[in-house]
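**Student:** Below you'll find upload.cif; it's mmCIF, C-alpha atoms and all ligand atoms.
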```cif
data_work
loop_
_atom_site.label_atom_id
_atom_site.label_comp_id
_atom_site.auth_asym_id
_atom_site.auth_seq_id
_atom_site.Cartn_x
_atom_site.Cartn_y
_atom_site.Cartn_z
CA MET A 123 87.46 66.16 87.79
CA ILE A 124 88.12 69.66 89.01
CA ASN A 125 85.24 72.04 88.32
CA ILE A 126 86.06 75.69 88.52
CA ASN A 127 83.90 78.65 89.47
CA GLU A 128 83.09 79.70 85.90
CA ASN A 129 81.99 83.14 87.01
CA PHE A 130 85.68 84.01 87.08
CA LEU A 131 85.77 83.53 83.31
CA ASN A 132 83.37 86.46 82.95
CA LEU A 133 85.90 88.87 84.47
CA GLN A 134 87.61 91.34 82.19
CA ASP A 135 91.41 91.26 81.77
CA SER A 136 93.33 91.54 85.02
CA TYR A 137 92.60 93.75 87.98
CA LEU A 138 92.92 97.40 86.81
CA PHE A 139 95.95 98.28 88.92
CA SER A 140 97.78 95.11 87.88
CA THR A 141 97.28 96.02 84.20
CA ILE A 142 98.71 99.48 84.82
CA ALA A 143 101.66 98.13 86.83
CA LYS A 144 102.48 95.76 83.97
CA LYS A 145 102.37 98.55 81.37
CA VAL A 146 104.58 100.78 83.51
CA ALA A 147 107.10 97.98 84.19
CA GLU A 148 107.38 97.35 80.46
CA PHE A 149 107.92 101.05 79.74
CA GLN A 150 110.60 101.24 82.43
CA LYS A 151 112.36 98.17 81.07
CA ASN A 152 112.53 99.75 77.61
CA ASN A 153 113.44 103.21 78.96
CA PRO A 154 115.74 102.65 81.93
CA ASP A 155 117.04 106.24 81.81
CA LYS A 156 113.60 107.82 82.32
CA LYS A 157 112.38 108.86 85.77
CA VAL A 158 108.78 107.72 85.92
CA ILE A 159 106.52 109.47 88.46
CA LYS A 160 103.66 107.29 89.66
CA LEU A 161 100.41 109.03 90.53
CA GLY A 162 98.34 106.00 89.57
CA ILE A 163 97.34 103.63 92.35
CA GLY A 164 96.24 105.41 95.51
CA ASP A 165 99.11 104.19 97.64
CA VAL A 166 100.51 106.32 100.45
CA THR A 167 104.15 107.46 100.54
CA ARG A 168 104.56 109.09 103.98
CA PRO A 169 106.14 106.83 106.62
CA ILE A 170 104.15 105.59 109.59
CA VAL A 171 104.14 108.36 112.22
CA PRO A 172 106.22 108.00 115.43
CA ALA A 173 103.30 107.61 117.88
CA ILE A 174 101.98 104.66 115.90
CA LEU A 175 105.38 103.15 115.28
CA ASP A 176 106.21 103.28 119.03
CA ALA A 177 103.02 101.44 119.89
CA MET A 178 103.78 98.79 117.28
CA HIS A 179 107.34 98.33 118.58
CA LYS A 180 106.14 97.93 122.15
CA ALA A 181 103.57 95.35 121.08
CA VAL A 182 106.22 93.38 119.20
CA GLU A 183 108.37 93.35 122.36
CA GLU A 184 105.41 92.05 124.38
CA LEU A 185 105.18 89.08 122.06
CA GLY A 186 108.76 88.15 122.89
CA ASN A 187 108.11 88.03 126.63
CA GLN A 188 106.62 84.98 128.41
CA ASP A 189 104.33 87.11 130.58
CA THR A 190 102.89 89.24 127.83
CA PHE A 191 102.94 86.83 124.88
CA ARG A 192 99.63 86.44 123.08
CA GLY A 193 98.34 83.79 120.73
CA TYR A 194 95.03 84.01 118.87
CA GLY A 195 93.12 87.18 119.62
CA PRO A 196 89.38 87.66 119.26
CA GLU A 197 88.43 87.29 115.56
CA GLN A 198 86.35 90.47 115.78
CA GLY A 199 89.30 92.50 117.08
CA TYR A 200 90.64 93.37 120.53
CA GLU A 201 88.31 95.41 122.70
CA PHE A 202 91.01 98.05 123.28
CA LEU A 203 90.80 98.95 119.59
CA ARG A 204 87.07 98.55 119.13
CA GLU A 205 86.45 100.78 122.17
CA LYS A 206 88.54 103.54 120.60
CA ILE A 207 86.69 103.20 117.29
CA VAL A 208 83.32 103.49 119.06
CA GLU A 209 84.50 106.49 121.06
CA PHE A 210 86.40 108.50 118.44
CA ASP A 211 84.83 107.62 115.10
CA TYR A 212 81.23 107.49 116.30
CA LYS A 213 80.38 108.78 119.79
CA LYS A 214 82.30 112.02 119.15
CA ARG A 215 80.12 112.59 116.11
CA GLY A 216 76.95 111.88 118.03
CA VAL A 217 76.56 108.39 116.56
CA ASN A 218 75.71 105.43 118.72
CA VAL A 219 77.55 102.28 117.65
CA SER A 220 78.29 99.40 120.03
CA ILE A 221 81.44 97.31 120.27
CA ASP A 222 79.78 94.16 118.96
CA GLU A 223 78.84 96.00 115.77
CA ILE A 224 82.53 96.56 114.95
CA PHE A 225 84.58 93.92 113.13
CA VAL A 226 88.31 94.60 112.78
CA SER A 227 89.94 93.15 109.68
CA ASP A 228 92.99 93.34 107.45
CA GLY A 229 91.46 95.67 104.88
CA ALA A 230 88.37 97.39 103.54
CA LYS A 231 89.08 95.88 100.12
CA CYS A 232 88.77 92.36 101.59
CA ASP A 233 85.66 93.26 103.58
CA CYS A 234 83.94 94.90 100.59
CA GLY A 235 84.55 91.69 98.67
CA ASN A 236 83.86 89.21 101.47
CA ILE A 237 80.54 90.74 102.48
CA GLY A 238 79.07 89.10 99.39
CA ASP A 239 79.42 85.70 101.13
CA ILE A 240 76.44 86.39 103.37
CA LEU A 241 74.18 87.93 100.70
CA GLY A 242 71.97 85.96 98.32
CA ILE A 243 73.09 85.45 94.75
CA ASP A 244 69.80 86.78 93.38
CA ASN A 245 70.26 90.26 94.83
CA VAL A 246 70.34 92.95 92.18
CA VAL A 247 73.46 95.06 92.60
CA ALA A 248 73.80 98.75 91.78
CA ILE A 249 77.17 100.45 91.46
CA THR A 250 78.09 103.96 90.53
CA ASP A 251 79.90 104.30 87.22
CA PRO A 252 82.89 104.94 87.38
CA VAL A 253 83.51 102.79 90.45
CA TYR A 254 86.26 101.22 92.58
CA PRO A 255 86.64 97.95 90.61
CA VAL A 256 86.46 95.66 93.67
CA TYR A 257 82.69 96.13 94.09
CA LEU A 258 81.98 95.00 90.56
CA ASP A 259 84.59 92.27 90.17
CA THR A 260 83.70 90.53 93.43
CA ASN A 261 80.04 90.39 92.41
CA VAL A 262 81.01 88.99 89.02
CA MET A 263 83.08 86.32 90.83
CA MET A 264 80.11 85.38 93.00
CA GLY A 265 77.78 85.11 90.01
CA ARG A 266 75.57 88.13 90.63
CA SER A 267 76.23 89.49 87.14
CA GLY A 268 75.47 88.14 83.71
CA LYS A 269 77.94 88.24 80.85
CA TYR A 270 80.11 91.19 79.91
CA ASN A 271 78.83 93.18 76.95
CA GLU A 272 81.78 94.33 74.81
CA GLU A 273 79.71 97.03 73.14
CA THR A 274 78.45 98.78 76.26
CA GLY A 275 81.40 97.91 78.47
CA MET A 276 78.88 96.76 81.08
CA PHE A 277 77.90 93.49 82.72
CA GLU A 278 74.37 92.23 82.35
CA ASN A 279 72.23 92.22 85.50
CA ILE A 280 74.28 94.94 87.16
CA ILE A 281 72.78 98.41 87.52
CA TYR A 282 75.24 101.14 86.54
CA MET A 283 74.51 104.59 87.95
CA PRO A 284 76.54 107.16 86.03
CA VAL A 285 78.37 109.81 88.04
CA THR A 286 79.80 112.35 85.63
CA SER A 287 80.11 116.11 85.30
CA GLU A 288 76.63 116.05 83.68
CA ASN A 289 74.95 115.14 86.96
CA ASN A 290 77.54 116.83 89.18
CA PHE A 291 78.73 113.39 90.25
CA VAL A 292 75.48 112.76 92.14
CA PRO A 293 74.03 109.32 91.34
CA GLU A 294 70.35 109.24 90.44
CA PHE A 295 67.93 106.56 91.57
CA PRO A 296 67.98 103.85 88.92
CA GLU A 297 64.88 102.78 86.96
CA LYS A 298 65.03 99.26 88.34
CA VAL A 299 65.14 99.06 92.15
CA PRO A 300 68.34 97.36 93.38
CA ASP A 301 68.73 95.20 96.49
CA ILE A 302 72.34 96.20 97.14
CA ILE A 303 73.76 99.68 96.52
CA TYR A 304 77.47 100.46 96.75
CA LEU A 305 78.36 104.03 97.71
CA CYS A 306 81.94 105.19 98.22
CA LEU A 307 82.05 108.65 99.81
CA PRO A 308 84.21 110.65 99.48
CA ASN A 309 84.41 108.94 96.17
CA ASN A 310 87.14 106.92 94.63
CA PRO A 311 87.81 107.58 91.75
CA THR A 312 86.10 110.95 91.15
CA GLY A 313 87.27 112.62 94.36
CA THR A 314 83.79 114.15 94.72
CA THR A 315 81.30 113.53 97.51
CA LEU A 316 77.68 114.00 98.59
CA THR A 317 76.26 116.45 101.09
CA LYS A 318 74.30 115.26 104.07
CA GLU A 319 71.00 116.09 102.32
CA GLN A 320 72.00 114.11 99.23
CA LEU A 321 73.01 111.08 101.27
CA GLU A 322 69.80 111.35 103.31
CA LYS A 323 67.84 110.76 100.12
CA TRP A 324 69.73 107.51 99.52
CA VAL A 325 69.09 106.29 103.05
CA GLU A 326 65.40 107.09 102.63
CA TYR A 327 65.38 105.29 99.28
CA ALA A 328 67.04 102.20 100.79
CA ARG A 329 64.59 102.16 103.70
CA LYS A 330 61.62 102.46 101.38
CA ASN A 331 62.86 99.63 99.15
CA LYS A 332 64.39 97.40 101.85
CA ALA A 333 67.71 97.71 100.05
CA LEU A 334 71.16 97.47 101.60
CA ILE A 335 73.72 100.27 101.25
CA LEU A 336 77.34 99.12 101.33
CA PHE A 337 79.03 102.35 102.34
CA ASP A 338 82.79 102.63 101.79
CA GLY A 339 84.16 105.45 103.91
CA ALA A 340 87.87 104.76 103.34
CA TYR A 341 88.59 108.43 102.49
CA GLU A 342 86.61 110.01 105.34
CA ALA A 343 89.71 111.60 106.91
CA TYR A 344 90.11 113.81 103.84
CA ILE A 345 86.79 115.62 104.23
CA SER A 346 87.49 119.33 104.61
CA GLU A 347 84.08 120.90 104.01
CA GLU A 348 81.16 121.27 106.37
CA ASN A 349 77.93 119.39 105.82
CA ILE A 350 79.64 116.27 104.45
CA PRO A 351 78.85 113.21 106.56
CA HIS A 352 81.86 111.41 108.03
CA SER A 353 79.76 108.30 108.59
CA ILE A 354 76.52 107.18 106.96
CA TYR A 355 75.18 106.61 110.47
CA GLU A 356 75.06 110.37 110.98
CA ILE A 357 71.86 110.01 109.01
CA GLU A 358 68.82 108.92 110.92
CA GLY A 359 67.66 105.42 110.13
CA ALA A 360 70.88 104.46 108.35
CA LYS A 361 71.63 101.70 110.84
CA GLU A 362 68.63 99.82 109.48
CA VAL A 363 69.99 99.78 105.95
CA ALA A 364 73.75 100.30 105.84
CA ILE A 365 77.04 98.52 106.43
CA GLU A 366 80.02 100.85 106.72
CA PHE A 367 83.60 99.99 105.73
CA LYS A 368 86.45 101.99 107.22
CA SER A 369 90.18 101.66 106.81
CA PHE A 370 93.42 102.81 108.43
CA SER A 371 95.15 102.68 105.04
CA LYS A 372 94.49 106.19 103.86
CA ASN A 373 94.25 108.12 107.14
CA ALA A 374 97.23 106.48 108.91
CA GLY A 375 99.30 105.11 106.04
CA PHE A 376 98.45 101.45 106.69
CA THR A 377 98.34 100.29 103.06
CA GLY A 378 101.26 97.99 103.84
CA VAL A 379 100.45 97.43 107.53
CA ARG A 380 96.86 96.28 106.91
CA CYS A 381 94.05 97.17 109.28
CA ALA A 382 90.46 98.21 108.76
CA TYR A 383 87.05 97.68 110.27
CA THR A 384 83.47 97.11 109.22
CA VAL A 385 80.37 98.21 111.09
CA VAL A 386 77.40 95.87 110.85
CA PRO A 387 74.53 97.33 112.90
CA LYS A 388 72.25 95.05 114.87
CA GLU A 389 69.19 96.85 113.51
CA LEU A 390 70.10 95.68 110.01
CA LYS A 391 68.00 92.73 108.84
CA GLY A 392 68.10 90.57 105.75
CA TYR A 393 65.43 88.17 104.59
CA THR A 394 65.18 84.50 103.67
CA LYS A 395 63.34 83.53 100.49
CA SER A 396 60.29 82.81 102.62
CA GLY A 397 60.42 86.31 104.08
CA GLU A 398 61.87 85.55 107.50
CA GLU A 399 63.99 88.27 109.07
CA VAL A 400 67.63 87.43 109.85
CA SER A 401 70.26 89.51 111.66
CA ILE A 402 73.01 90.50 109.22
CA ASN A 403 75.30 91.17 112.20
CA SER A 404 74.96 87.51 113.31
CA LEU A 405 75.66 86.24 109.81
CA TRP A 406 78.75 88.41 109.44
CA ASN A 407 79.95 87.41 112.90
CA ARG A 408 79.59 83.75 111.93
CA ARG A 409 81.42 84.27 108.66
CA HIS A 410 84.18 86.38 110.20
CA GLY A 411 84.80 83.91 113.04
CA THR A 412 84.97 80.99 110.64
CA LYS A 413 87.10 82.41 107.85
CA PHE A 414 89.26 84.93 109.71
CA ASN A 415 91.55 84.70 112.72
CA GLY A 416 91.93 88.34 113.54
CA VAL A 417 94.46 91.06 112.79
CA SER A 418 97.85 90.64 114.47
CA TYR A 419 98.29 92.12 117.94
CA PRO A 420 101.05 94.62 117.00
CA VAL A 421 98.96 95.94 114.12
CA GLN A 422 95.91 96.41 116.34
CA LYS A 423 98.08 98.20 118.93
CA ALA A 424 99.33 100.41 116.11
CA ALA A 425 95.75 101.11 115.04
CA GLU A 426 94.82 101.96 118.63
CA ALA A 427 97.61 104.56 118.67
CA VAL A 428 95.94 106.30 115.72
CA TYR A 429 93.46 107.61 118.32
CA SER A 430 96.07 108.86 120.85
CA ALA A 431 96.59 112.62 121.05
CA ASP A 432 100.02 112.36 119.39
CA GLY A 433 98.75 109.88 116.82
CA GLN A 434 95.89 112.20 115.86
CA LYS A 435 98.20 115.20 115.57
CA GLN A 436 100.79 113.35 113.52
CA ILE A 437 98.40 111.70 111.07
CA LYS A 438 96.69 115.05 110.57
CA GLU A 439 100.01 116.45 109.36
CA ASN A 440 100.27 113.69 106.77
CA ILE A 441 96.69 114.22 105.62
CA GLU A 442 97.45 117.93 105.21
CA TYR A 443 100.60 117.05 103.29
CA TYR A 444 98.59 114.94 100.83
CA MET A 445 95.85 117.53 100.54
CA ASN A 446 98.47 120.12 99.74
CA ASN A 447 99.54 117.83 96.89
CA ALA A 448 95.90 117.69 95.80
CA LYS A 449 95.89 121.49 95.66
CA ILE A 450 99.12 121.55 93.65
CA ILE A 451 97.66 119.09 91.15
CA LYS A 452 94.29 120.78 90.93
CA GLU A 453 95.55 124.33 90.54
CA GLY A 454 98.42 123.31 88.26
CA LEU A 455 96.11 121.44 85.91
CA GLN A 456 93.62 124.29 85.89
CA GLU A 457 96.43 126.67 84.93
CA ALA A 458 97.32 124.26 82.13
CA GLY A 459 93.74 124.52 80.87
CA PHE A 460 92.33 121.22 82.13
CA THR A 461 88.87 120.83 83.59
CA VAL A 462 89.35 119.28 87.00
CA TYR A 463 87.10 117.78 89.70
CA GLY A 464 87.62 116.41 93.21
CA GLY A 465 90.69 117.07 95.33
CA VAL A 466 88.85 119.04 98.04
CA ASN A 467 87.37 116.29 100.22
CA ALA A 468 89.42 113.45 98.78
CA PRO A 469 93.02 112.78 97.71
CA TYR A 470 91.98 112.14 94.10
CA ILE A 471 91.86 114.54 91.18
CA TRP A 472 89.55 113.63 88.34
CA LEU A 473 90.29 115.47 85.11
CA LYS A 474 88.79 115.62 81.67
CA VAL A 475 91.17 114.31 79.04
CA PRO A 476 91.78 116.56 76.03
CA ASP A 477 89.08 116.41 73.35
CA GLY A 478 89.32 113.59 70.89
CA MET A 479 91.37 111.32 73.14
CA THR A 480 90.29 108.24 75.05
CA SER A 481 91.44 107.86 78.62
CA TRP A 482 93.81 105.00 77.69
CA GLU A 483 95.27 107.16 74.88
CA PHE A 484 95.88 109.90 77.41
CA PHE A 485 97.45 107.34 79.77
CA ASP A 486 99.87 106.24 77.01
CA LYS A 487 100.69 109.84 76.05
CA LEU A 488 101.39 110.86 79.63
CA LEU A 489 103.60 107.82 80.20
CA LYS A 490 105.50 108.16 76.93
CA ASP A 491 105.84 111.95 76.63
CA VAL A 492 106.27 113.07 80.24
CA ASN A 493 106.76 109.77 82.12
CA VAL A 494 103.86 110.33 84.50
CA VAL A 495 101.52 107.50 85.49
CA GLY A 496 97.85 108.07 86.24
CA THR A 497 94.75 105.90 86.01
CA PRO A 498 92.50 105.98 82.93
CA GLY A 499 88.92 106.79 83.88
CA VAL A 500 87.44 104.05 81.71
CA GLY A 501 89.28 101.50 83.87
CA PHE A 502 86.69 102.34 86.54
CA GLY A 503 83.71 101.86 84.21
CA PRO A 504 82.30 103.05 80.88
CA SER A 505 81.17 106.43 82.24
CA GLY A 506 84.79 107.06 83.22
CA GLU A 507 85.73 107.29 79.55
CA GLY A 508 87.09 110.74 78.79
CA TYR A 509 88.35 111.16 82.34
CA PHE A 510 91.61 110.44 84.11
CA ARG A 511 92.58 110.08 87.78
CA LEU A 512 95.67 111.41 89.53
CA THR A 513 96.39 110.64 93.17
CA ALA A 514 97.68 113.11 95.73
CA PHE A 515 99.48 110.35 97.65
CA GLY A 516 102.87 110.97 95.99
CA THR A 517 105.71 112.95 97.52
CA LYS A 518 105.44 116.73 97.26
CA GLU A 519 108.59 116.90 95.10
CA ASN A 520 107.30 114.31 92.65
CA THR A 521 103.87 115.92 92.55
CA ILE A 522 105.34 119.32 91.67
CA GLU A 523 107.59 117.77 89.05
CA ALA A 524 104.77 115.74 87.52
CA ILE A 525 102.53 118.78 87.22
CA ASN A 526 105.31 120.87 85.70
CA ARG A 527 105.92 118.15 83.15
CA ILE A 528 102.20 117.99 82.30
CA LYS A 529 102.06 121.79 81.99
CA ASN A 530 104.91 121.71 79.46
CA MET A 531 103.49 118.74 77.56
CA LYS A 532 102.94 119.36 73.85
C1 LIG B 1 93.03 102.97 94.34
O1 LIG B 1 94.04 103.36 93.78
O2 LIG B 1 91.91 103.07 93.85
C2 LIG B 1 93.19 102.36 95.68
O3 LIG B 1 94.45 102.52 96.16
C3 LIG B 1 92.96 100.95 95.67
C4 LIG B 1 92.70 100.43 97.03
O4 LIG B 1 92.55 101.15 98.00
O5 LIG B 1 92.60 99.21 97.10
#
```
Can the structure in the file be given as structure tokens, please?

**Tutor:**
Amino acid sequence: MININENFLNLQDSYLFSTIAKKVAEFQKNNPDKKVIKLGIGDVTRPIVPAILDAMHKAVEELGNQDTFRGYGPEQGYEFLREKIVEFDYKKRGVNVSIDEIFVSDGAKCDCGNIGDILGIDNVVAITDPVYPVYLDTNVMMGRSGKYNEETGMFENIIYMPVTSENNFVPEFPEKVPDIIYLCLPNNPTGTTLTKEQLEKWVEYARKNKALILFDGAYEAYISEENIPHSIYEIEGAKEVAIEFKSFSKNAGFTGVRCAYTVVPKELKGYTKSGEEVSINSLWNRRHGTKFNGVSYPVQKAAEAVYSADGQKQIKENIEYYMNNAKIIKEGLQEAGFTVYGGVNAPYIWLKVPDGMTSWEFFDKLLKDVNVVGTPGVGFGPSGEGYFRLTAFGTKENTIEAINRIKNMK
């Protein structure tokens, strides 16, 4: 008899972005003449820049040559890439991270989910609310949550930390002390972030309570203001309590190419039930080496080129392009009378839906009346109700058109 993992039966509907894609496909089927503009899922639209593309091409050629062909690479990633990560993403910011603390992978989404493999089932998990759905769903799959409560829209045994306009999108320490805390900064979906001082308090809290911070820094390249940490390790003591997830998806347009990395510091310790200390880095290394065979060589060469002088210059232009879209959305919506958050240190705009509407009602109205797709706030958690997310990752032309349509919406 085949027994299933019944935790999966606790999950709600389908994955948020699949639900939206299905709704949009249905609308398009019934309205083939309408031009739908998608500002829903945070997927990039700018092509891969030339410096990166060249490096990828060259690497592909190498694979076709007897002398330079490569088979399996190191599961943790080639040193040429990990050295660049250490140098550019950390050393340059005054942060000391060593090569064997870096694990290259095919995506921060996978890593954020997979990290749960090495953590005990009894850990109490805290997420911000609203939240990137992967953190919650993967814990539900593993069995760290109880049942879903239809009334509250929350899972039992999960700590929800509201981040709304009422607390300026700054999560407060929960009543019950968690063992695992997910922080995504700059934040998806609210587009807001924390200052260094605010993040320091969380590191201090985690150290005091021997809790683990799972820090998702996928949107780091979009930080434009001073005093916003680009890595949690800029904060003293963070290496004892935090794992950091980074991605090439949003800074270099790799959503379809797939490359990311996770930093698991050697100072970070977990505990057995009997209180023995265990290196989390060793556990992750064991897991990674067993379940993963490394990112392909051409993709890692492409990722390495992100750090070249031309690569840096060219990706910066794309980031500026997207942040200009963010400005167009933000200012356009403000002119139209909306209350708007985010969009300064992140490519997401988080807006308040008009009074008396739910975020799914606003989603339907936007799709039907002006053929624009966004993401309903409640899809990210109950505290997202009344909010709506638009992404700045569209083309400039589509972004301008979408905002004009929203401005003229009745
Ligand atoms: C989002 O739209 O929230 C993101 O694109 C999803 C992701 O990065 O996996």

**Student:** Around region 334-342 of chain A, fit a box with edges along x, y and z, padding it by 3 Å on each side, then list its centre and edge lengths in Å to one decimal as lines of an AutoDock Vina configuration file.

**Tutor:**
```
center_x = 79.9
center_y = 103.7
center_z = 103.3
size_x = 23.4
size_y = 18.5
size_z = 10.1
```

**Student:** Which one is closest to ligand LIG 1 (chain B): A:Ile163, A:Ile240, A:Met276, A:Val253? Count only C-alpha atoms and all ligand atoms.

**Tutor:** A:Ile163

**Student:** List all protein, DNA and RNA residues that have any atom at most 8 Å from ligand LIG 1 (chain B), counting all atoms listed in the file, and write the list as a short mmCIF file (atom, residue, chain, number, x, y, z; two decimals) with C-alpha atoms, keeping the file's coordinate frame.

**Tutor:**
```
data_model
loop_
_atom_site.label_atom_id
_atom_site.label_comp_id
_atom_site.auth_asym_id
_atom_site.auth_seq_id
_atom_site.Cartn_x
_atom_site.Cartn_y
_atom_site.Cartn_z
CA PHE A 139 95.95 98.28 88.92
CA GLY A 162 98.34 106.00 89.57
CA ILE A 163 97.34 103.63 92.35
CA GLY A 164 96.24 105.41 95.51
CA ASP A 165 99.11 104.19 97.64
CA ALA A 230 88.37 97.39 103.54
CA LYS A 231 89.08 95.88 100.12
CA TYR A 254 86.26 101.22 92.58
CA VAL A 256 86.46 95.66 93.67
CA ASN A 310 87.14 106.92 94.63
CA PRO A 311 87.81 107.58 91.75
CA ALA A 340 87.87 104.76 103.34
CA SER A 371 95.15 102.68 105.04
CA LYS A 372 94.49 106.19 103.86
CA THR A 377 98.34 100.29 103.06
CA THR A 513 96.39 110.64 93.17
#
```

**Student:** Give the answer as one residue: which of A:Thr190, A:Asn447, A:Asn493, A:Asn290 has the shortest atom-to-atom distance to Val158 (chain A), using all atoms listed in the file?

**Tutor:**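 Closest residue, counting all atoms listed in the file: A:Asn493.
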
**Student:** Using all atoms listed in the file, determine which residues lie at most 10 Å from region 278-289 of chain A, disregarding the query and same-chain residues fewer than 3 positions distant; provide the list as a ChimeraX atom specification.

**Tutor:** /A:244-253,258,261-262,266-271,274-275,292-300,302-303,312,314,462-463,474,503-507,509

**Student:** Mind pulling up the distance from CA of Lys157 (chain A) to CA of Val500 (chain A)?

**Tutor:**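 Atom-to-atom, CA of Val500 (chain A) to CA of Lys157 (chain A), that is 25.7 Å.
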
**Student:** Using all atoms listed in the file, determine which residues lie at most 12 Å from region 426-432 of chain A, disregarding the query and same-chain residues fewer than 6 positions distant; provide the list as a PyMOL selection string.

**Tutor:** chain A and resi 170-181+199-211+226+369-376+381-382+419-420+438-439

**Student:** Given only C-alpha atoms as the basis, pick out the residue of A:Phe414, A:Tyr327, A:Tyr257, A:Tyr304 nearest to Phe502 (chain A).

**Tutor:**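 Selected residue with least distance to Phe502 (chain A): A:Tyr257.
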
**Student:** Calculate how many Å separate CA of Val146 (chain A) from CA of Ile525 (chain A), rounding to one decimal.

**Tutor:**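 If I compute the distance from CA of Val146 (chain A) to CA of Ile525 (chain A), I get 18.5 Å.
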
**Student:** Residues at most 10 Å from Val494 (chain A), counting all atoms listed in the file, excluding those fewer than 2 positions away in the same chain, as number ranges by chain?

**Tutor:** A: 146, 157-162, 485-492, 496, 512, 520-521, 523-525, 527-528

**Student:** Compile the contact shell of Ile365 (chain A) as a VMD selection string: residues with an atom at most 8 Å away, counting all atoms listed in the file, same-chain residues fewer than 3 positions apart removed.

**Tutor:** chain A and resid 334 to 337 361 384 to 387

**Student:** What is the CA of Lys332 (chain A) to CA of Gln320 (chain A) distance in Å?

**Tutor:**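 Straight-line distance from CA of Lys332 (chain A) to CA of Gln320 (chain A) works out to 18.5 Å.
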